[in-house]
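S.K.: File start05.tsv below, TSV, C-alpha atoms and all ligand atoms:
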```
chain	number	residue	atom	x	y	z
A	1436	MET	CA	30.83	65.88	132.14
A	1437	ASP	CA	31.10	69.59	132.86
A	1438	ILE	CA	32.77	70.51	129.59
A	1439	ASN	CA	32.28	74.27	130.00
A	1440	GLY	CA	33.85	74.16	133.43
A	1441	LYS	CA	36.84	72.20	132.17
A	1442	ILE	CA	37.45	74.57	129.29
A	1443	SER	CA	37.20	77.66	131.48
A	1444	GLN	CA	39.92	76.28	133.78
A	1445	ILE	CA	42.47	75.84	130.98
A	1446	SER	CA	45.36	78.31	131.01
A	1447	THR	CA	47.90	76.88	128.55
A	1448	LEU	CA	47.83	75.70	124.94
A	1449	ALA	CA	49.23	72.33	126.04
A	1450	ASP	CA	46.29	71.82	128.44
A	1451	LEU	CA	43.95	72.82	125.67
A	1452	ASP	CA	45.39	70.17	123.33
A	1453	ALA	CA	45.13	67.57	126.09
A	1454	LEU	CA	41.48	68.39	126.71
A	1455	LYS	CA	40.78	68.36	123.01
A	1456	SER	CA	41.95	64.75	122.67
A	1457	GLU	CA	40.19	63.85	125.93
A	1458	LEU	CA	36.96	65.02	124.31
A	1459	PHE	CA	37.40	64.31	120.62
A	1460	GLY	CA	40.03	61.56	120.50
A	1461	LYS	CA	39.37	58.00	119.23
A	1462	LYS	CA	38.77	56.84	122.79
A	1463	GLY	CA	37.60	60.23	123.98
A	1464	TYR	CA	34.43	61.35	125.70
A	1465	PHE	CA	32.31	61.85	122.59
A	1466	ALA	CA	33.46	58.56	121.01
A	1467	GLU	CA	32.41	56.76	124.16
A	1468	GLU	CA	29.10	58.60	124.36
A	1469	PHE	CA	28.29	57.82	120.73
A	1470	ALA	CA	29.19	54.18	121.39
A	1471	LYS	CA	26.33	54.09	123.93
A	1472	MET	CA	23.92	54.55	121.02
A	1473	LYS	CA	23.83	50.77	120.69
A	1474	THR	CA	22.21	50.43	124.10
A	1475	ILE	CA	19.72	53.25	123.73
A	1476	PRO	CA	16.11	52.29	122.88
A	1477	PRO	CA	15.30	53.07	119.24
A	1478	ALA	CA	12.70	55.71	120.11
A	1479	GLU	CA	15.24	57.76	122.07
A	1480	LYS	CA	18.16	57.37	119.64
A	1481	LYS	CA	17.32	60.44	117.61
A	1482	ASP	CA	17.13	62.81	120.58
A	1483	PHE	CA	20.18	61.25	122.16
A	1484	ALA	CA	22.25	61.78	118.99
A	1485	ALA	CA	20.94	65.29	118.45
A	1486	ASN	CA	21.80	66.23	122.01
A	1487	LEU	CA	25.28	64.77	121.73
A	1488	ASN	CA	25.94	66.55	118.43
A	1489	LYS	CA	24.82	69.83	119.96
A	1490	GLN	CA	27.19	69.31	122.91
A	1491	LYS	CA	29.98	68.41	120.54
A	1492	GLY	CA	29.43	71.53	118.42
A	1493	GLU	CA	29.37	73.77	121.48
A	1494	ALA	CA	32.50	72.18	122.93
A	1495	SER	CA	34.35	72.57	119.65
A	1496	ALA	CA	33.37	76.26	119.35
A	1497	LEU	CA	34.38	76.90	122.95
A	1498	LEU	CA	37.73	75.22	122.43
A	1499	ASP	CA	38.36	77.31	119.28
A	1500	SER	CA	37.65	80.59	120.99
A	1501	LYS	CA	39.74	79.54	124.00
A	1502	ARG	CA	42.56	78.74	121.58
A	1503	MET	CA	42.37	82.21	120.04
A	1504	VAL	CA	42.55	83.84	123.46
A	1505	LEU	CA	45.50	81.71	124.57
A	1506	GLU	CA	47.38	82.23	121.30
A	1507	SER	CA	47.04	85.99	121.40
A	1508	GLU	CA	48.15	86.02	125.04
A	1509	ALA	CA	51.19	83.91	124.11
A	1510	LEU	CA	52.04	86.28	121.24
A	1511	LYS	CA	51.70	89.29	123.49
A	1512	ALA	CA	54.01	87.72	126.06
A	1513	GLU	CA	56.52	86.88	123.36
A	1514	ILE	CA	56.47	90.42	121.99
A	1515	GLU	CA	56.90	91.86	125.46
A	1516	ALA	CA	59.80	89.52	126.19
A	1517	GLU	CA	61.50	90.54	122.93
A	1518	ASN	CA	60.81	94.22	123.28
A	1519	ILE	CA	63.94	96.27	122.65
A	1520	ASP	CA	64.14	99.76	124.05
A	1521	VAL	CA	66.12	101.53	121.36
A	1522	SER	CA	66.44	104.62	123.53
A	1523	LEU	CA	68.49	102.71	126.11
A	1524	PHE	CA	72.22	103.25	126.16
A	1525	SER	CA	74.19	100.17	125.28
A	1526	THR	CA	75.49	98.20	128.20
A	1527	THR	CA	77.98	96.33	126.03
A	1528	GLY	CA	80.01	99.31	124.84
A	1529	GLU	CA	79.96	102.76	123.31
A	1530	GLY	CA	79.59	103.31	119.60
A	1531	SER	CA	82.07	105.36	117.67
A	1532	LEU	CA	82.43	107.35	114.48
A	1533	HIS	CA	83.74	105.44	111.50
A	1534	PRO	CA	87.36	106.36	110.67
A	1535	VAL	CA	86.24	107.77	107.30
A	1536	ASN	CA	83.79	110.07	109.10
A	1537	LEU	CA	86.45	111.03	111.61
A	1538	ALA	CA	88.86	111.96	108.82
A	1539	MET	CA	86.13	113.80	106.92
A	1540	GLU	CA	85.19	115.81	110.00
A	1541	ALA	CA	88.80	116.74	110.68
A	1542	ILE	CA	89.27	117.87	107.06
A	1543	VAL	CA	86.05	119.86	106.96
A	1544	ASP	CA	86.86	121.39	110.37
A	1545	TYR	CA	90.11	122.80	109.11
A	1546	PHE	CA	88.63	124.46	106.04
A	1547	TYR	CA	85.56	125.62	107.91
A	1548	GLY	CA	87.93	127.36	110.28
A	1549	MET	CA	89.60	128.98	107.25
A	1550	ASN	CA	86.28	130.51	106.18
A	1551	PHE	CA	85.39	127.98	103.50
A	1552	GLU	CA	81.66	127.48	103.11
A	1553	LEU	CA	80.30	123.93	103.23
A	1554	LYS	CA	78.50	122.78	100.04
A	1555	THR	CA	76.95	119.54	98.89
A	1556	GLY	CA	75.64	118.29	95.56
A	1557	PRO	CA	73.56	115.41	94.23
A	1558	LEU	CA	75.05	111.92	93.95
A	1559	VAL	CA	73.24	111.41	90.66
A	1560	GLU	CA	74.76	113.95	88.31
A	1561	ASP	CA	74.38	114.92	84.68
A	1562	ASP	CA	77.06	114.97	82.05
A	1563	PHE	CA	77.31	118.76	82.06
A	1564	HIS	CA	78.20	119.13	85.74
A	1565	ASN	CA	80.29	115.97	86.11
A	1566	PHE	CA	82.31	116.31	82.88
A	1567	GLU	CA	81.42	118.88	80.25
A	1568	ALA	CA	81.66	122.07	82.34
A	1569	LEU	CA	84.85	120.77	83.94
A	1570	ASN	CA	86.57	120.92	80.55
A	1571	LEU	CA	86.11	117.21	80.02
A	1572	PRO	CA	84.29	117.13	76.67
A	1573	LYS	CA	82.78	113.91	75.32
A	1574	HIS	CA	85.47	111.54	74.00
A	1575	HIS	CA	88.19	113.28	76.04
A	1576	PRO	CA	90.60	110.49	77.03
A	1577	ALA	CA	90.67	111.72	80.65
A	1578	ARG	CA	87.09	110.44	80.99
A	1579	GLU	CA	88.47	106.93	80.77
A	1580	MET	CA	89.92	107.13	84.29
A	1581	GLN	CA	86.51	107.97	85.66
A	1582	ASP	CA	84.30	105.25	84.24
A	1583	THR	CA	81.16	105.05	86.32
A	1584	PHE	CA	77.57	103.86	86.55
A	1585	TYR	CA	75.15	105.40	84.05
A	1586	PHE	CA	71.38	105.58	84.11
A	1587	LYS	CA	69.20	105.30	81.02
A	1588	ASP	CA	68.52	109.03	80.88
A	1589	GLU	CA	72.26	109.81	80.63
A	1590	THR	CA	72.57	110.81	84.24
A	1591	LEU	CA	75.30	109.03	86.17
A	1592	LEU	CA	76.63	108.43	89.66
A	1593	ARG	CA	79.09	111.28	90.10
A	1594	THR	CA	82.71	110.24	89.71
A	1595	HIS	CA	84.12	113.07	91.83
A	1596	THR	CA	83.02	115.98	93.98
A	1597	SER	CA	84.21	118.49	91.36
A	1598	PRO	CA	80.67	119.00	89.95
A	1599	VAL	CA	79.87	120.84	93.19
A	1600	GLN	CA	82.30	123.51	91.97
A	1601	ILE	CA	80.13	123.98	88.88
A	1602	ARG	CA	76.82	123.89	90.78
A	1603	THR	CA	78.07	126.57	93.16
A	1604	MET	CA	79.51	128.89	90.52
A	1605	VAL	CA	76.41	128.65	88.32
A	1606	LYS	CA	74.32	129.83	91.29
A	1607	GLU	CA	76.58	132.28	93.11
A	1608	LYS	CA	78.74	135.23	92.29
A	1609	PRO	CA	82.46	135.45	93.12
A	1610	PRO	CA	84.30	135.81	95.44
A	1611	LEU	CA	83.72	132.41	97.04
A	1612	LYS	CA	85.55	129.78	99.03
A	1613	ILE	CA	83.86	126.38	99.33
A	1614	ILE	CA	84.52	122.93	100.62
A	1615	ALA	CA	82.40	120.00	99.34
A	1616	PRO	CA	82.62	116.59	101.02
A	1617	GLY	CA	80.71	113.52	99.87
A	1618	ALA	CA	80.47	110.09	98.29
A	1619	VAL	CA	81.63	109.42	94.73
A	1620	PHE	CA	81.40	106.34	92.51
A	1621	ARG	CA	83.60	104.62	89.97
A	1622	ARG	CA	83.64	101.33	88.16
A	1623	ASP	CA	86.65	100.07	90.09
A	1624	TYR	CA	87.27	97.27	92.53
A	1625	ASP	CA	90.64	96.01	93.68
A	1626	LEU	CA	93.03	96.25	96.63
A	1627	THR	CA	93.15	100.03	96.57
A	1628	HIS	CA	89.83	100.94	94.88
A	1629	THR	CA	86.19	100.52	95.89
A	1630	PRO	CA	83.15	101.39	93.73
A	1631	MET	CA	82.08	103.97	96.32
A	1632	PHE	CA	84.45	106.21	98.21
A	1633	HIS	CA	84.56	109.74	99.56
A	1634	GLN	CA	86.18	112.96	98.45
A	1635	VAL	CA	86.52	116.48	99.68
A	1636	GLU	CA	86.63	119.19	97.05
A	1637	GLY	CA	87.89	122.72	97.56
A	1638	LEU	CA	87.46	125.82	95.42
A	1639	ALA	CA	88.41	129.46	95.92
A	1640	VAL	CA	87.52	132.15	93.37
A	1641	ASP	CA	88.19	135.87	93.49
A	1642	GLY	CA	88.87	138.75	91.09
A	1643	GLU	CA	91.40	138.69	88.27
A	1644	ASN	CA	94.96	137.97	89.46
A	1645	LYS	CA	93.81	137.88	93.06
A	1646	ILE	CA	94.40	134.18	93.56
A	1647	SER	CA	97.73	132.61	92.70
A	1648	PHE	CA	99.50	129.29	93.02
A	1649	ALA	CA	101.20	130.72	96.12
A	1650	ASN	CA	97.80	130.92	97.89
A	1651	LEU	CA	97.10	127.32	96.94
A	1652	LYS	CA	100.52	126.19	98.18
A	1653	PHE	CA	100.10	127.98	101.46
A	1654	ILE	CA	96.70	126.57	102.32
A	1655	LEU	CA	97.51	123.00	101.33
A	1656	GLU	CA	100.84	122.93	103.19
A	1657	ASP	CA	99.15	124.33	106.27
A	1658	PHE	CA	96.27	121.87	105.98
A	1659	LEU	CA	98.46	118.81	105.42
A	1660	THR	CA	100.66	119.52	108.44
A	1661	TYR	CA	97.51	120.18	110.49
A	1662	PHE	CA	96.09	116.83	109.43
A	1663	PHE	CA	99.16	114.58	109.32
A	1664	GLY	CA	101.42	116.32	111.81
A	1665	ASP	CA	105.08	116.87	111.05
A	1666	VAL	CA	105.35	115.98	107.35
A	1667	ASP	CA	107.15	117.50	104.37
A	1668	VAL	CA	104.93	118.56	101.48
A	1669	ARG	CA	105.92	118.62	97.81
A	1670	PHE	CA	104.10	119.72	94.66
A	1671	ARG	CA	104.62	117.73	91.45
A	1672	PRO	CA	103.45	118.95	88.03
A	1673	SER	CA	100.51	116.89	86.77
A	1674	PHE	CA	97.43	117.12	84.58
A	1675	PHE	CA	93.75	117.64	85.29
A	1676	PRO	CA	91.39	118.98	82.61
A	1677	PHE	CA	89.82	121.49	85.01
A	1678	THR	CA	93.05	123.10	86.23
A	1679	GLU	CA	95.99	124.70	84.47
A	1680	PRO	CA	98.66	124.43	85.72
A	1681	SER	CA	97.85	121.26	87.66
A	1682	SER	CA	99.74	119.60	90.42
A	1683	GLU	CA	99.76	116.49	92.50
A	1684	VAL	CA	100.74	116.88	96.12
A	1685	ASP	CA	102.84	114.39	98.09
A	1686	ILE	CA	103.63	114.19	101.77
A	1687	SER	CA	106.74	112.55	103.19
A	1688	CYS	CA	105.86	108.95	104.06
A	1689	VAL	CA	104.15	108.79	107.45
A	1690	PHE	CA	105.36	105.22	107.95
A	1691	CYS	CA	109.10	105.60	107.37
A	1692	LYS	CA	109.41	109.37	107.79
A	1693	GLY	CA	110.67	109.65	104.24
A	1694	LYS	CA	113.42	107.06	104.45
A	1695	GLY	CA	111.71	104.71	102.00
A	1696	CYS	CA	109.58	101.65	102.75
A	1697	ARG	CA	107.13	99.24	101.12
A	1698	VAL	CA	104.14	101.57	101.57
A	1699	CYS	CA	105.79	104.47	99.72
A	1700	SER	CA	107.41	102.11	97.17
A	1701	HIS	CA	110.77	103.18	98.58
A	1702	THR	CA	110.33	106.73	97.31
A	1703	GLY	CA	109.85	108.33	100.74
A	1704	TRP	CA	106.73	110.13	99.39
A	1705	LEU	CA	102.98	109.46	99.40
A	1706	GLU	CA	100.63	111.07	96.87
A	1707	VAL	CA	97.65	112.56	98.70
A	1708	LEU	CA	95.75	114.99	96.49
A	1709	GLY	CA	95.27	116.80	93.19
A	1710	CYS	CA	95.03	120.54	92.72
A	1711	GLY	CA	95.70	123.47	90.44
A	1712	ILE	CA	94.71	126.86	89.15
A	1713	VAL	CA	91.18	126.78	87.74
A	1714	ASP	CA	91.24	126.41	83.95
A	1715	PRO	CA	89.72	129.40	82.06
A	1716	ASN	CA	87.42	126.98	80.20
A	1717	VAL	CA	85.74	126.10	83.51
A	1718	PHE	CA	85.05	129.76	84.25
A	1719	LYS	CA	83.75	130.17	80.70
A	1720	ALA	CA	81.34	127.25	81.19
A	1721	VAL	CA	79.75	128.92	84.23
A	1722	GLY	CA	79.79	132.45	82.81
A	1723	TYR	CA	82.46	133.90	85.12
A	1724	GLU	CA	84.66	136.70	83.72
A	1725	ASN	CA	87.77	138.42	85.04
A	1726	VAL	CA	88.32	136.00	87.89
A	1727	SER	CA	91.06	133.73	89.17
A	1728	GLY	CA	90.90	130.70	91.43
A	1729	TYR	CA	92.39	127.50	92.72
A	1730	ALA	CA	90.83	124.09	93.28
A	1731	PHE	CA	91.79	120.83	94.90
A	1732	GLY	CA	90.32	117.38	95.51
A	1733	LEU	CA	91.29	114.57	97.84
A	1734	GLY	CA	90.21	111.03	98.70
A	1735	VAL	CA	89.01	110.72	102.29
A	1736	GLU	CA	89.63	106.94	102.61
A	1737	ARG	CA	93.27	107.48	101.72
A	1738	PHE	CA	93.58	110.24	104.30
A	1739	ALA	CA	91.99	108.02	106.94
A	1740	MET	CA	94.23	105.08	106.08
A	1741	LEU	CA	97.39	107.14	106.30
A	1742	LYS	CA	96.40	108.99	109.45
A	1743	TYR	CA	95.17	105.92	111.33
A	1744	ARG	CA	97.68	103.48	109.76
A	1745	ILE	CA	95.05	101.19	108.23
A	1746	SER	CA	96.66	98.92	105.66
A	1747	ASP	CA	93.67	97.44	103.80
A	1748	LEU	CA	91.16	99.77	102.15
A	1749	ARG	CA	88.47	97.09	102.14
A	1750	SER	CA	88.48	96.83	105.93
A	1751	LEU	CA	86.88	100.30	105.95
A	1752	PHE	CA	83.77	98.86	104.28
A	1753	GLU	CA	83.37	95.57	106.11
A	1754	GLY	CA	81.99	96.68	109.48
A	1755	ASP	CA	85.03	95.00	111.06
A	1756	LEU	CA	84.56	95.48	114.83
A	1757	ASP	CA	88.23	94.74	115.59
A	1758	LEU	CA	89.03	97.82	113.57
A	1759	LEU	CA	86.05	100.02	114.46
A	1760	GLU	CA	86.25	99.49	118.23
A	1761	GLN	CA	89.68	101.09	118.22
A	1762	PHE	CA	88.03	104.42	117.42
A	1763	ARG	CA	85.90	104.62	120.56
B	1801	LIG	N1	88.39	115.49	90.66
B	1801	LIG	C1	89.71	114.88	90.71
B	1801	LIG	C2	89.59	113.38	90.78
B	1801	LIG	O1	88.61	112.89	91.24
B	1801	LIG	C3	90.48	115.40	91.88
B	1801	LIG	C4	90.85	116.83	91.71
B	1801	LIG	C5	92.04	117.17	91.15
B	1801	LIG	C6	89.98	117.84	92.06
B	1801	LIG	C7	92.43	118.51	90.97
B	1801	LIG	C8	90.32	119.17	91.88
B	1801	LIG	C9	91.57	119.49	91.33
B	1801	LIG	O2	89.52	120.17	92.22
B	1801	LIG	O3	91.89	120.79	91.15
B	1801	LIG	O4	90.49	112.69	90.41
```
Could you quickly redo this structure as structure tokens?
Ligand code: DAH
M.R.:
Amino acid sequence: MDINGKISQISTLADLDALKSELFGKKGYFAEEFAKMKTIPPAEKKDFAANLNKQKGEASALLDSKRMVLESEALKAEIEAENIDVSLFSTTGEGSLHPVNLAMEAIVDYFYGMNFELKTGPLVEDDFHNFEALNLPKHHPAREMQDTFYFKDETLLRTHTSPVQIRTMVKEKPPLKIIAPGAVFRRDYDLTHTPMFHQVEGLAVDGENKISFANLKFILEDFLTYFFGDVDVRFRPSFFPFTEPSSEVDISCVFCKGKGCRVCSHTGWLEVLGCGIVDPNVFKAVGYENVSGYAFGLGVERFAMLKYRISDLRSLFEGDLDLLEQFR
């Protein structure tokens, strides 16, 4: 039998397996050849067996190397068939920005246009920047609302974007106007809270008595009507350790236009951000003297939900295509 010739003609793994059993199977070529030993004269038996064993070894080695060639060709074909050209444009549909990014961009756009400088800070913060310098000393009860994730070395995932205020003031001299967007983290999870969400922080600082609550009111009213359209804006006294006086800001409900509905708990108002006049203790912590300033902070998910009428906060984090495809 021309074993070499047969092997060289094989082009598939299935043919290779078939030839293998044709040669090495129980009733295969070599079994039959060895069976002939019985009829061979004793003097020739040794040579006959040696010759057969040599043939068998060669055939087996040839089959093995043929198998390697065929397997690597099959793998190559499979890889080529599965090859994805990531530079190709999708034929199934365009992508889109996530509603949280859209809202964040719109917010940052406004303040950028008002000459606020864009700043960012680290997500892993230390106690000084996240709490202490913001007039939130250890054991202050206001820390309770911002429980978060701590690392062993007493750093933590920042609970708000306010530490960017501190980082900026420590480095730069007044006057300054900054906007700081980014992710923040709290130990919260329910219908209206997720452990990670986004905020945008604002801070303006200038000389003594140069910045007043009137400046803060103007910019936030202008911003909120830019972002939400035709809404009423109201300031309610509140408390934040880093501002004094502090205020919470409401807009008239975008769902019922202020008439009262389930979303606004029949008050006609929706709370959208916190703000105030920078507390003197904050300026003291960063070594600023004879200055005045305002600050504010807002939650981007809430802004996105109200602007785009999204009712469930969690749907923003689930990669829900029914929702996301509406933003193409
Ligand atoms: N950091 C506050 C929070 O996460 C939000 C905030 C309130 C920021 C008032 C401010 C501010 O800058 O003045 O709840």
S.K.: Would you mind listing the residues within 10 Å of ligand LIG 1801 (chain B), counting all atoms listed in the file, as a ChimeraX atom specification?
M.R.: /A:1565-1566,1569,1577,1580-1581,1593-1600,1619-1621,1633-1638,1673-1684,1708-1714,1728-1734
S.K.: Can you find the residues with an atom no farther than 9 Å from (92.1, 138.0, 90.5), counting all atoms listed in the file, and report them as a PyMOL selection string?
M.R.: chain A and resi 1640-1647+1725-1728
S.K.: Tell me which of A:Leu1759, A:Leu1498, A:Leu1558, A:Ala1478 sits closest to Ala1453 (chain A), counting all atoms listed in the file.
M.R.: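 Looking at the shortest contact to Ala1453 (chain A), the residue is A:Leu1498.
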S.K.: Please, which residues are within 12 Å of (89.7, 117.1, 112.9) by the file's coordinates, counting all atoms listed in the file, and could they come as an mmCIF file with C-alpha atoms, in the coordinates of the input?
M.R.:
```cif
data_model
loop_
_atom_site.group_PDB
_atom_site.id
_atom_site.type_symbol
_atom_site.label_atom_id
_atom_site.label_comp_id
_atom_site.auth_asym_id
_atom_site.auth_seq_id
_atom_site.Cartn_x
_atom_site.Cartn_y
_atom_site.Cartn_z
ATOM 1 C CA PRO A 1534 87.360 106.360 110.670
ATOM 2 C CA VAL A 1535 86.240 107.770 107.300
ATOM 3 C CA ASN A 1536 83.790 110.070 109.100
ATOM 4 C CA LEU A 1537 86.450 111.030 111.610
ATOM 5 C CA ALA A 1538 88.860 111.960 108.820
ATOM 6 C CA MET A 1539 86.130 113.800 106.920
ATOM 7 C CA GLU A 1540 85.190 115.810 110.000
ATOM 8 C CA ALA A 1541 88.800 116.740 110.680
ATOM 9 C CA ILE A 1542 89.270 117.870 107.060
ATOM 10 C CA VAL A 1543 86.050 119.860 106.960
ATOM 11 C CA ASP A 1544 86.860 121.390 110.370
ATOM 12 C CA TYR A 1545 90.110 122.800 109.110
ATOM 13 C CA PHE A 1546 88.630 124.460 106.040
ATOM 14 C CA TYR A 1547 85.560 125.620 107.910
ATOM 15 C CA GLY A 1548 87.930 127.360 110.280
ATOM 16 C CA PHE A 1658 96.270 121.870 105.980
ATOM 17 C CA LEU A 1659 98.460 118.810 105.420
ATOM 18 C CA TYR A 1661 97.510 120.180 110.490
ATOM 19 C CA PHE A 1662 96.090 116.830 109.430
ATOM 20 C CA PHE A 1663 99.160 114.580 109.320
ATOM 21 C CA GLY A 1664 101.420 116.320 111.810
ATOM 22 C CA PHE A 1738 93.580 110.240 104.300
ATOM 23 C CA ALA A 1739 91.990 108.020 106.940
ATOM 24 C CA LYS A 1742 96.400 108.990 109.450
#
```
S.K.: Quick one: distance from CA of Ala1509 (chain A) to CA of Ile1438 (chain A) in Å, one decimal?
M.R.: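 Taking CA of Ala1509 (chain A) as the start and CA of Ile1438 (chain A) as the end point, the length is 23.4 Å.
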S.K.: Taking all atoms listed in the file into account, name the residue in A:Gly1703, A:Gln1490, A:Ala1615, A:Ala1568 that is nearest to Pro1715 (chain A).
M.R.: A:Ala1568
S.K.: For a test of reading the model, state the distance in Å between CA of Ser1531 (chain A) and CA of Thr1629 (chain A), rounded to one decimal.
M.R.: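 Going from CA of Ser1531 (chain A) over to CA of Thr1629 (chain A), I get 22.7 Å.
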